[in-house]
>>> print(open('run32.cif').read())   # mmCIF, C-alpha atoms
data_final
#
loop_
_atom_site.label_atom_id
_atom_site.label_comp_id
_atom_site.auth_asym_id
_atom_site.auth_seq_id
_atom_site.Cartn_x
_atom_site.Cartn_y
_atom_site.Cartn_z
CA MET A 71 -6.72 0.90 -5.51
CA LEU A 72 -5.24 3.45 -3.13
CA LEU A 73 -4.98 6.81 -4.90
CA GLY A 74 -3.77 8.96 -2.04
CA ALA A 75 -3.33 9.39 1.68
CA ARG A 76 -3.27 12.46 3.90
CA ILE A 77 -1.63 12.12 7.31
CA GLN A 78 -2.31 14.66 10.03
CA ASN A 79 -0.70 14.72 13.46
CA PHE A 80 0.90 11.27 13.31
CA SER A 81 4.47 10.89 14.55
CA ILE A 82 6.75 13.08 12.37
CA PHE A 83 3.90 13.89 9.97
CA GLU A 84 2.28 17.19 10.88
CA ASP A 85 0.12 17.44 7.76
CA ASP A 86 1.41 15.59 4.71
CA CYS A 87 -0.10 14.04 1.62
CA ILE A 88 1.03 11.44 -0.87
CA GLY A 89 -0.97 10.84 -4.05
CA ALA A 90 -4.32 12.54 -4.71
CA LEU A 91 -7.47 12.90 -2.65
CA LEU A 92 -11.07 13.11 -3.83
CA ASP A 93 -11.13 16.89 -4.28
CA ASP A 94 -7.92 16.70 -6.34
CA ILE A 95 -9.43 14.06 -8.61
CA ARG A 96 -12.66 16.01 -9.05
CA LYS A 97 -10.68 19.05 -10.21
CA ALA A 98 -8.78 16.91 -12.74
CA PRO A 99 -6.18 19.60 -13.55
CA ASP A 100 -4.08 19.61 -16.70
CA GLN A 101 -1.08 17.34 -16.14
CA SER A 102 0.95 18.79 -19.01
CA SER A 103 4.50 20.13 -18.79
CA LEU A 104 3.15 23.60 -19.56
CA ALA A 105 1.03 23.46 -16.40
CA LEU A 106 4.05 22.45 -14.34
CA GLU A 107 6.22 25.18 -15.81
CA ALA A 108 3.51 27.74 -15.08
CA GLY A 109 3.55 26.70 -11.42
CA ILE A 110 0.04 25.27 -11.55
CA GLU A 111 -0.40 22.62 -8.87
CA VAL A 112 -1.35 19.27 -10.38
CA SER A 113 -2.39 16.06 -8.67
CA HIS A 114 -0.53 12.78 -9.00
CA PRO A 115 -2.74 9.83 -7.99
CA LEU A 116 -0.84 6.75 -6.90
CA ASN A 117 -0.27 4.24 -9.68
CA GLY A 118 0.12 0.48 -9.74
CA MET A 119 3.79 0.76 -8.81
CA GLU A 120 5.28 3.49 -6.62
CA ALA A 121 8.75 4.03 -5.17
CA LEU A 122 9.49 6.03 -2.04
CA ILE A 123 12.99 7.51 -1.99
CA GLY A 124 14.90 9.91 0.22
CA ARG A 125 17.67 10.05 2.78
CA ASN A 126 17.58 8.02 5.99
CA HIS A 127 15.08 9.11 8.65
CA THR A 128 12.93 11.14 6.25
CA GLY A 129 9.67 9.25 6.88
CA LYS A 130 9.54 6.44 4.32
CA THR A 131 9.36 3.66 6.90
CA MET A 132 7.12 5.81 9.10
CA PHE A 133 4.66 6.10 6.20
CA PHE A 134 4.39 2.30 6.18
CA SER A 135 3.97 2.39 9.96
CA PHE A 136 1.12 4.86 9.55
CA LEU A 137 -0.71 2.59 7.09
CA SER A 138 -0.15 -0.38 9.41
CA PHE A 139 -1.53 1.64 12.32
CA ILE A 140 -4.65 2.57 10.35
CA GLN A 141 -5.19 -1.04 9.27
CA GLU A 142 -4.92 -2.33 12.84
CA THR A 143 -7.11 0.51 14.12
CA VAL A 144 -9.91 -0.31 11.68
CA ILE A 145 -9.70 -4.04 12.40
CA SER A 146 -8.99 -4.14 16.15
CA GLY A 147 -9.53 -0.63 17.51
CA PRO A 148 -7.22 2.33 18.27
CA ALA A 149 -6.24 1.18 21.77
CA TYR A 150 -4.86 -2.09 20.42
CA ALA A 151 -3.21 -0.42 17.42
CA SER A 152 -1.48 2.15 19.63
CA THR A 153 0.57 -0.52 21.40
CA ALA A 154 0.83 -3.19 18.68
CA ASP A 155 4.11 -3.78 16.83
CA GLY A 156 6.12 -2.04 19.52
CA ARG A 157 4.25 1.27 19.44
CA ALA A 158 4.54 3.25 22.67
CA GLY A 159 0.93 4.33 23.13
CA PHE A 160 -1.41 6.81 21.49
CA SER A 161 0.01 10.00 23.03
CA ASN A 162 3.47 9.10 21.75
CA LEU A 163 2.08 8.78 18.23
CA GLN A 164 0.67 12.32 18.17
CA PHE A 165 2.73 15.09 16.60
CA ASP A 166 0.74 17.54 18.75
CA LYS A 167 -0.65 15.87 21.86
CA GLU A 168 -3.55 18.35 21.97
CA GLN A 169 -4.82 17.43 18.51
CA PRO A 170 -6.43 14.22 17.15
CA ILE A 171 -4.78 11.96 14.60
CA THR A 172 -6.56 12.27 11.27
CA SER A 173 -6.24 10.01 8.27
CA THR A 174 -7.82 10.56 4.84
CA LEU A 175 -7.58 7.77 2.28
CA CYS A 176 -8.86 7.89 -1.30
CA PHE A 177 -9.62 4.72 -3.28
CA SER A 178 -10.88 3.88 -6.75
CA PHE A 179 -13.02 0.85 -7.56
CA TYR A 180 -13.72 -0.29 -11.12
CA ASN A 181 -16.87 -2.14 -12.14
CA ARG A 182 -15.99 -4.17 -15.24
CA GLU A 183 -19.60 -4.95 -16.13
CA LYS A 184 -20.72 -1.32 -16.01
CA LYS A 185 -17.28 -0.05 -17.10
CA GLU A 186 -17.62 2.47 -14.34
CA LYS A 187 -15.05 3.85 -11.90
CA THR A 188 -16.16 4.91 -8.44
CA TYR A 189 -14.08 6.89 -5.97
CA CYS A 190 -14.41 6.52 -2.21
CA GLU A 191 -12.71 8.69 0.39
CA TYR A 192 -12.47 7.48 3.97
CA THR A 193 -11.70 9.98 6.74
CA LEU A 194 -10.85 8.71 10.21
CA VAL A 195 -10.37 10.96 13.26
CA LEU A 196 -8.91 9.49 16.46
CA ALA A 197 -8.96 11.41 19.74
CA SER A 198 -8.25 10.46 23.36
CA ASN A 199 -10.20 10.87 26.60
CA GLN A 200 -8.94 12.47 29.82
CA HIS A 201 -7.08 9.26 30.65
CA GLY A 202 -5.29 9.15 27.30
CA LYS A 203 -7.27 6.21 25.88
CA PRO A 204 -7.94 6.69 22.15
CA HIS A 205 -11.35 6.32 20.53
CA PHE A 206 -13.10 6.84 17.21
CA GLU A 207 -14.18 10.46 17.14
CA LYS A 208 -15.29 10.50 13.51
CA GLU A 209 -15.60 8.20 10.52
CA LEU A 210 -16.75 9.52 7.17
CA LEU A 211 -16.98 7.67 3.87
CA ARG A 212 -17.80 9.69 0.75
CA LEU A 213 -18.54 8.36 -2.73
CA TRP A 214 -18.19 10.14 -6.06
CA ARG A 215 -18.10 9.25 -9.74
CA GLU A 216 -18.02 11.32 -12.90
CA GLY A 217 -21.35 12.99 -13.54
CA MET A 218 -22.10 13.63 -9.89
CA GLU A 219 -22.06 17.27 -8.81
CA GLU A 220 -21.03 16.59 -5.21
CA PRO A 221 -19.74 13.55 -3.31
CA LYS A 222 -22.35 11.52 -1.45
CA GLU A 223 -21.90 10.55 2.18
CA ILE A 224 -22.50 6.79 2.48
CA LEU A 225 -21.26 6.46 6.08
CA ASN A 226 -20.99 9.13 8.75
CA PHE A 227 -20.39 8.39 12.43
CA GLN A 228 -19.55 10.83 15.23
CA ASN A 229 -18.42 9.30 18.53
CA GLY A 230 -20.00 5.97 17.66
CA LYS A 231 -23.37 7.26 16.44
CA GLY A 232 -24.44 8.02 12.89
CA PHE A 233 -25.78 6.50 9.73
CA VAL A 234 -24.87 4.32 6.79
CA LEU A 235 -26.55 4.44 3.39
CA PHE A 236 -28.44 1.29 2.41
CA GLN A 237 -30.37 1.08 -0.88
CA GLY A 238 -30.44 4.86 -1.07
CA GLN A 239 -31.82 5.31 2.44
CA GLN A 240 -30.03 6.40 5.60
CA MET A 241 -29.89 3.67 8.22
CA ASP A 242 -29.16 4.90 11.74
CA GLY A 243 -26.64 2.99 13.79
CA GLU A 244 -24.65 3.00 17.01
CA MET A 245 -21.46 1.16 17.93
CA ASN A 246 -21.28 -0.95 21.08
CA ASP A 247 -18.15 0.80 22.29
CA SER A 248 -15.60 3.45 21.31
CA GLN A 249 -13.15 0.77 20.10
CA THR A 250 -15.42 -0.54 17.34
CA SER A 251 -15.00 0.89 13.86
CA ALA A 252 -18.18 1.65 11.94
CA ILE A 253 -16.50 0.80 8.64
CA HIS A 254 -15.48 -2.55 10.14
CA ALA A 255 -18.99 -3.27 11.42
CA TYR A 256 -20.81 -2.39 8.20
CA GLY A 257 -17.91 -3.26 5.91
CA ALA A 258 -18.22 -6.89 6.97
CA LEU A 259 -21.64 -7.02 5.26
CA LYS A 260 -21.77 -7.42 1.48
CA GLN A 261 -25.05 -5.51 1.31
CA PHE A 262 -23.14 -2.28 1.92
CA TYR A 263 -21.16 -2.61 -1.30
CA PHE A 264 -18.71 0.30 -1.24
CA THR A 265 -18.37 0.27 2.54
CA ASN A 266 -17.51 -3.41 2.20
CA ALA A 267 -15.09 -2.71 -0.66
CA THR A 268 -13.29 0.00 1.32
CA TYR A 269 -12.99 -2.17 4.42
CA ARG A 270 -11.71 -5.15 2.43
CA GLU A 271 -9.14 -2.91 0.74
CA ILE A 272 -7.73 -1.62 4.03
CA SER A 273 -7.84 -4.95 5.86
CA SER A 274 -6.05 -6.71 2.96
CA TRP A 275 -2.97 -4.47 2.83
CA PHE A 276 0.08 -6.73 3.01
CA PHE A 277 3.32 -5.67 4.70
CA VAL A 278 6.29 -7.71 3.50
CA HIS A 279 8.98 -8.57 6.08
CA PHE A 280 11.27 -10.95 4.20
CA SER A 281 14.81 -11.13 5.57
CA LYS A 282 17.88 -13.35 5.35
CA GLU A 283 17.77 -13.83 9.11
CA GLN A 284 14.21 -15.17 8.95
CA THR A 285 14.96 -17.71 6.22
CA LYS A 286 18.02 -19.00 8.10
CA LEU A 287 15.78 -19.89 11.05
CA LEU A 288 13.25 -21.87 9.02
CA PRO A 289 12.83 -25.48 10.22
CA GLU A 290 13.79 -28.33 7.91
CA ASP A 291 10.29 -29.80 8.14
CA VAL A 292 7.00 -27.93 7.90
CA ALA A 293 3.47 -28.92 8.85
CA PRO A 294 1.70 -30.53 5.88
CA GLY A 295 -1.05 -28.75 3.99
CA GLY A 296 -1.35 -26.08 1.36
CA HIS A 297 -1.55 -22.38 2.18
CA LYS A 298 -3.34 -20.01 -0.18
CA HIS A 299 -1.12 -16.99 0.56
CA LEU A 300 2.45 -16.39 1.58
CA ASN A 301 2.78 -14.92 5.08
CA SER A 302 4.66 -11.70 5.83
CA THR A 303 7.97 -13.45 6.64
CA GLY A 304 7.79 -16.12 3.94
CA SER A 305 8.08 -18.93 6.49
CA ASN A 306 5.23 -20.90 4.85
CA ALA A 307 6.72 -20.82 1.34
CA ARG A 308 6.70 -24.61 0.93
CA ASN A 309 3.04 -24.76 1.99
CA VAL A 310 2.20 -22.18 -0.68
CA LEU A 311 4.02 -24.27 -3.28
CA MET A 312 1.90 -27.27 -2.19
CA TYR A 313 -1.25 -25.22 -2.69
CA LEU A 314 -0.21 -23.99 -6.14
CA LYS A 315 0.74 -27.49 -7.27
CA ALA A 316 -2.67 -28.86 -6.22
CA GLU A 317 -4.95 -25.97 -7.17
CA HIS A 318 -3.10 -24.18 -10.00
CA PRO A 319 -0.81 -26.74 -11.67
CA GLY A 320 -0.25 -24.62 -14.78
CA MET A 321 0.79 -21.63 -12.72
CA TYR A 322 2.95 -23.90 -10.56
CA LYS A 323 4.89 -25.17 -13.59
CA GLU A 324 5.39 -21.60 -14.85
CA LEU A 325 6.71 -20.58 -11.44
CA ILE A 326 9.16 -23.50 -11.29
CA SER A 327 10.45 -22.61 -14.77
CA LYS A 328 10.78 -18.97 -13.78
CA MET A 329 12.72 -19.92 -10.66
CA ILE A 330 15.13 -22.05 -12.69
CA ASP A 331 15.65 -19.25 -15.23
CA THR A 332 15.97 -16.41 -12.70
CA VAL A 333 17.45 -17.52 -9.37
CA PRO A 334 21.26 -17.96 -9.68
CA GLY A 335 21.40 -21.01 -7.41
CA LEU A 336 18.76 -22.83 -9.47
CA ARG A 337 20.06 -22.34 -13.00
CA ASP A 338 19.81 -25.55 -15.05
CA LYS A 339 18.25 -27.42 -12.10
CA GLU A 340 15.15 -29.62 -11.85
CA GLU A 341 11.83 -29.27 -10.00
CA GLU A 342 13.06 -31.35 -7.07
CA ASP A 343 16.04 -29.02 -6.67
CA VAL A 344 13.68 -26.05 -6.47
CA LEU A 345 11.63 -27.73 -3.74
CA LYS A 346 14.79 -28.55 -1.76
CA PHE A 347 15.99 -24.97 -2.26
CA PHE A 348 12.84 -23.68 -0.55
CA LYS A 349 13.90 -25.25 2.72
CA LYS A 350 16.15 -22.18 3.01
CA PRO A 351 14.91 -19.84 0.24
CA ASP A 352 16.63 -16.60 -0.66
CA ILE A 353 14.86 -13.24 -0.82
CA LEU A 354 14.50 -13.19 -4.62
CA SER A 355 12.77 -16.59 -4.70
CA LEU A 356 10.33 -15.44 -2.01
CA PHE A 357 9.45 -12.37 -4.06
CA LEU A 358 8.93 -14.49 -7.18
CA LEU A 359 6.55 -16.69 -5.18
CA LEU A 360 4.73 -13.69 -3.71
CA LEU A 361 4.28 -12.08 -7.13
CA SER A 362 2.86 -15.35 -8.53
CA ASP A 363 -0.13 -15.33 -6.16
CA PRO A 364 -3.24 -16.11 -8.28
CA ASN A 365 -5.41 -14.10 -5.84
CA PRO A 366 -3.10 -11.30 -4.72
CA ARG A 367 -3.66 -8.71 -2.03
CA PRO A 368 -4.65 -5.26 -3.31
CA LEU A 369 -1.56 -3.51 -1.92
CA LEU A 370 1.93 -4.84 -1.23
CA LEU A 371 4.13 -2.64 0.95
CA ILE A 372 7.79 -3.59 0.73
CA GLU A 373 10.82 -2.18 2.53
CA ALA A 374 13.91 -2.14 0.28
CA PRO A 375 13.09 -5.21 -1.88
CA ASP A 376 16.41 -4.77 -3.74
CA GLU A 377 18.61 -4.82 -0.64
CA GLY A 378 21.44 -7.32 -0.97
CA LEU A 379 20.62 -8.23 -4.59
CA TYR A 380 23.20 -8.12 -7.40
CA HIS A 381 22.34 -5.60 -10.13
CA ASP A 382 21.06 -8.16 -12.65
CA MET A 383 18.83 -9.66 -9.95
CA VAL A 384 17.51 -6.16 -9.22
CA ASP A 385 16.55 -5.86 -12.88
CA ALA A 386 14.79 -9.24 -12.76
CA LEU A 387 12.88 -8.28 -9.61
CA ALA A 388 11.86 -4.88 -11.02
CA SER A 389 10.59 -6.60 -14.17
CA GLU A 390 8.55 -9.09 -12.13
CA MET A 391 7.08 -6.30 -10.02
CA ARG A 392 6.03 -4.39 -13.13
CA ASN A 393 4.55 -7.53 -14.73
CA PHE A 394 2.58 -8.17 -11.53
CA THR A 395 0.86 -4.76 -11.75
CA VAL A 396 0.14 -5.30 -15.45
CA ARG A 397 -1.44 -8.73 -14.81
CA HIS A 398 -3.41 -7.34 -11.86
CA PRO A 399 -4.37 -3.75 -12.71
CA HIS A 400 -6.41 -3.52 -9.49
CA CYS A 401 -3.30 -4.22 -7.38
CA GLN A 402 -0.41 -2.03 -6.28
CA ILE A 403 3.15 -2.24 -5.06
CA ILE A 404 4.63 0.55 -2.96
CA PHE A 405 8.28 0.08 -2.00
CA THR A 406 11.16 2.00 -0.46
CA THR A 407 14.65 2.02 -1.90
CA HIS A 408 18.06 3.65 -1.71
CA SER A 409 19.18 2.25 -5.06
CA PRO A 410 18.83 4.07 -8.41
CA TYR A 411 18.83 0.77 -10.31
CA ILE A 412 15.36 -0.45 -9.35
CA ILE A 413 13.67 2.82 -10.35
CA GLU A 414 15.35 3.07 -13.74
CA ASN A 415 12.20 1.99 -15.59
CA LEU A 416 9.72 3.98 -13.50
CA SER A 417 8.15 7.26 -14.61
CA PRO A 418 8.36 10.55 -12.66
CA ASP A 419 4.73 10.14 -11.51
CA GLU A 420 5.67 6.83 -9.87
CA ILE A 421 8.34 8.24 -7.56
CA TRP A 422 7.84 10.14 -4.29
CA VAL A 423 10.72 11.99 -2.67
CA PHE A 424 10.77 12.27 1.13
CA SER A 425 12.82 14.93 2.92
CA ARG A 426 13.01 16.47 6.40
CA GLU A 427 12.78 20.16 7.17
CA PRO A 428 15.25 21.73 9.66
CA GLN A 429 12.49 21.77 12.29
CA GLY A 430 12.01 18.02 11.83
CA THR A 431 8.77 17.90 9.83
CA VAL A 432 8.45 15.87 6.65
CA GLU A 433 8.02 17.08 3.10
CA ILE A 434 6.78 14.71 0.40
CA LYS A 435 6.95 15.61 -3.28
CA CYS A 436 6.19 13.69 -6.45
CA ALA A 437 9.11 13.62 -8.87
CA GLY A 438 6.53 14.31 -11.58
CA SER A 439 6.02 17.79 -10.10
CA SER A 440 9.51 18.86 -11.19
CA PRO A 441 9.66 20.37 -14.72
CA ILE A 442 13.38 19.52 -14.89
CA VAL A 443 12.78 15.86 -14.03
CA LYS A 444 9.85 15.68 -16.45
CA GLY A 445 11.94 17.25 -19.21
CA LEU A 446 14.88 14.89 -18.73
CA TYR A 447 12.56 11.87 -18.65
CA GLU A 448 10.83 12.95 -21.87
CA GLN A 449 14.27 13.18 -23.49
CA GLY A 450 14.87 9.54 -22.65
CA VAL A 451 16.90 9.80 -19.46
CA GLY A 452 16.05 7.06 -16.95
CA MET A 453 14.85 7.89 -13.47
CA GLY A 454 17.81 6.14 -11.86
CA ALA A 455 20.22 8.30 -13.82
CA ILE A 456 18.25 11.43 -12.93
CA TRP A 457 18.38 10.50 -9.24
CA TYR A 458 22.10 9.68 -9.41
CA ALA A 459 22.69 13.10 -10.99
CA GLY A 460 21.21 14.72 -7.85
CA HIS A 461 18.00 16.15 -9.28
CA PHE A 462 15.89 14.79 -6.39
CA ASP A 463 18.03 16.24 -3.61
CA ASP A 464 17.68 19.69 -2.10
#
>>> encode(input="run32.cif", output="structure tokens")
Amino acid sequence: MLLGARIQNFSIFEDDCIGALLDDIRKAPDQSSLALEAGIEVSHPLNGMEALIGRNHTGKTMFFSFLSFIQETVISGPAYASTADGRAGFSNLQFDKEQPITSTLCFSFYNREKKEKTYCEYTLVLASNQHGKPHFEKELLRLWREGMEEPKEILNFQNGKGFVLFQGQQMDGEMNDSQTSAIHAYGALKQFYFTNATYREISSWFFVHFSKEQTKLLPEDVAPGGHKHLNSTGSNARNVLMYLKAEHPGMYKELISKMIDTVPGLRDKEEEDVLKFFKKPDILSLFLLLLSDPNPRPLLLIEAPDEGLYHDMVDALASEMRNFTVRHPHCQIIFTTHSPYIIENLSPDEIWVFSREPQGTVEIKCAGSSPIVKGLYEQGVGMGAIWYAGHFDD
């Protein structure tokens, strides 16, 4: 699970952090209201469900773009990532063109057998040569769990050379070229357990791009065969239904019943009507299918999932999102929104407020850091009402 991310020198982010990093977790400060009122800085690790709110052009979408860039960098290299998805090259991604782009990501992994939680922090530094081509300047993976005095370095590479820890011993290594990630190379091997776990976590992030325009363009007929996962646009929805029906019949029947009970156009319909409906599915039905995945991705990143939905459908979607994180405590949903309705049942620690300074830099604050917001929430006021009342705005 992603607990926090620090972004340095990427686009509009000069040096910003969301969630908690390893040093914050090791300090484990008091999270009480008294600590907040006294001005003591407390950490707010990311939870199973997080909402990003704020005015337009404050960095919410850019935060998703940053995570996408890091994912593509780790998998395919920084040169590819710098131009993928319409990006305009590495130098145009740098806040300060003289400084490298640095990313620090903190994760937690839980071992059910040992009932032990392990924290891993991955730091990635990307610089460019005299011709502007980016490369891996540094990769560092640190591990820590309660009882350890200091974090342990389990992977450390500088300019393609370094070591990885294997069975307690340092194993020297060298990458073939500056576009190959050390965490990708060693993370592909199960023997390097936490390096593998960190790589799988990053490479499995799922960016949702459902839209009405996409569903309108879906062909009437699809290629036969079941698909294990829904793709980012939802264009293979019928293939996923085929897979569920064959491999998870019980879950398939539950999903069909849920569709009939929840989606307005399917009320009081039959299974065949649901299957026909998925020739041109709506956004809500795609989300219900996504959240029914028996083997879900660790992190779902969703832009405005409530956009275009009537208020009772927003409530239904919010409930399904919450139930998803309860069923899969190792998974997360991070979403952006401009609507107070979908955050009504979230807690202050699950909401991050983005704003822009006059000079154009971003500021990110957790709503749980505000004593006023905390106090209102503890009195029973919902987060949507608190937002509507203007307590998140400057």
>>> axis_aligned_box(input="run32.cif", around="region 357-370 of chain A", padding_each_side="6 Å", output="AutoDock Vina command-line options")
--center_x 2.0 --center_y -10.1 --center_z -4.9 --size_x 26.9 --size_y 25.2 --size_z 19.3
>>> closest_residue(input="run32.cif", among="A:Glu183, A:Glu271, A:Glu191, A:His114", to="Gln141 (chain A)", atoms="only C-alpha atoms")
A:Glu271
>>> resolve_selection(input="run32.cif", expression="the PyMOL selection byres ((chain A and resi 453) around 12)", output="ChimeraX atom specification")
/A:121,123,409-422,437-438,442-452,454-462
>>> residues_around(input="run32.cif", residues="Lys346 (chain A)", least_positions_apart="5", cutoff="12 Å", atoms="all atoms listed in the file", output="ChimeraX atom specification")
/A:290-291,307-308,311,335-336,339-341,351
>>> residues_around(input="run32.cif", residues="region 234-241 of chain A", least_positions_apart="2", cutoff="9 Å", atoms="only C-alpha atoms", output="list of chain:residue names")
A:Glu223, A:Ile224, A:Leu225, A:Asn226, A:Phe227, A:Gly232, A:Gly243, A:Ala252, A:Tyr256, A:Gln261, A:Phe262, A:Thr265
>>> resolve_selection(input="run32.cif", expression="the PyMOL selection byres ((chain A and resi 203) around 10)", output="VMD selection string")
chain A and resid 148 to 149 152 159 to 161 197 to 202 204 to 205 248 to 249
>>> atom_distance(input="run32.cif", atom1="CA of Leu91 (chain A)", atom2="CA of Gly74 (chain A)")
5.4 Å
>>> atom_distance(input="run32.cif", atom1="CA of Glu324 (chain A)", atom2="CA of Arg337 (chain A)")
14.8 Å
>>> residues_near_point(input="run32.cif", point="(3.9, 12.4, -4.0)", cutoff="6 Å", atoms="all atoms listed in the file", output="PyMOL selection string")
chain A and resi 88-89+422+434-436
>>> atom_distance(input="run32.cif", atom1="CA of Leu116 (chain A)", atom2="CA of Phe277 (chain A)")
17.5 Å
>>> closest_residue(input="run32.cif", among="A:Ala386, A:Leu359, A:Val144, A:Ala90", to="Leu314 (chain A)", atoms="only C-alpha atoms")
A:Leu359
>>> closest_residue(input="run32.cif", among="A:Asn117, A:Thr303, A:Ser274, A:Asn126", to="Val396 (chain A)", atoms="all atoms listed in the file")
A:Asn117
>>> decode(input="run32.cif", residues="region 388-402 of chain A", atoms="N, CA, C and O atoms", output="short mmCIF file (atom, residue, chain, number, x, y, z; two decimals), in the first residue's frame")
data_model
loop_
_atom_site.label_atom_id
_atom_site.label_comp_id
_atom_site.auth_asym_id
_atom_site.auth_seq_id
_atom_site.Cartn_x
_atom_site.Cartn_y
_atom_site.Cartn_z
N ALA A 388 -19.96 5.70 -4.12
CA ALA A 388 -19.11 5.92 -2.95
C ALA A 388 -19.17 4.72 -2.02
O ALA A 388 -18.15 4.30 -1.45
N SER A 389 -20.36 4.14 -1.87
CA SER A 389 -20.52 2.95 -1.03
C SER A 389 -19.75 1.77 -1.59
O SER A 389 -19.07 1.04 -0.84
N GLU A 390 -19.81 1.57 -2.91
CA GLU A 390 -19.08 0.48 -3.54
C GLU A 390 -17.57 0.67 -3.43
O GLU A 390 -16.81 -0.30 -3.23
N MET A 391 -17.11 1.90 -3.55
CA MET A 391 -15.69 2.18 -3.41
C MET A 391 -15.21 1.86 -2.00
O MET A 391 -14.15 1.26 -1.80
N ARG A 392 -15.99 2.26 -1.02
CA ARG A 392 -15.64 1.97 0.37
C ARG A 392 -15.64 0.47 0.63
O ARG A 392 -14.73 -0.08 1.25
N ASN A 393 -16.66 -0.23 0.14
CA ASN A 393 -16.74 -1.68 0.33
C ASN A 393 -15.55 -2.39 -0.32
O ASN A 393 -15.05 -3.39 0.21
N PHE A 394 -15.10 -1.87 -1.46
CA PHE A 394 -13.94 -2.44 -2.15
C PHE A 394 -12.71 -2.39 -1.25
O PHE A 394 -11.97 -3.37 -1.13
N THR A 395 -12.46 -1.26 -0.61
CA THR A 395 -11.27 -1.13 0.25
C THR A 395 -11.40 -1.96 1.53
O THR A 395 -10.40 -2.36 2.11
N VAL A 396 -12.64 -2.22 1.95
CA VAL A 396 -12.84 -3.08 3.13
C VAL A 396 -12.57 -4.54 2.76
O VAL A 396 -11.93 -5.28 3.51
N ARG A 397 -13.08 -4.96 1.58
CA ARG A 397 -12.86 -6.35 1.14
C ARG A 397 -11.39 -6.61 0.82
O ARG A 397 -10.91 -7.73 0.99
N HIS A 398 -10.70 -5.57 0.35
CA HIS A 398 -9.30 -5.71 -0.06
C HIS A 398 -8.46 -4.69 0.71
O HIS A 398 -8.11 -3.64 0.17
N PRO A 399 -8.15 -4.98 1.96
CA PRO A 399 -7.43 -3.99 2.78
C PRO A 399 -6.03 -3.66 2.28
O PRO A 399 -5.45 -2.67 2.73
N HIS A 400 -5.51 -4.45 1.34
CA HIS A 400 -4.19 -4.16 0.77
C HIS A 400 -4.30 -3.25 -0.45
O HIS A 400 -3.27 -2.89 -1.04
N CYS A 401 -5.52 -2.89 -0.84
CA CYS A 401 -5.74 -2.08 -2.04
C CYS A 401 -6.17 -0.66 -1.67
O CYS A 401 -6.67 -0.41 -0.57
N GLN A 402 -6.01 0.24 -2.63
CA GLN A 402 -6.36 1.64 -2.41
C GLN A 402 -7.11 2.21 -3.61
O GLN A 402 -6.96 1.75 -4.73
#
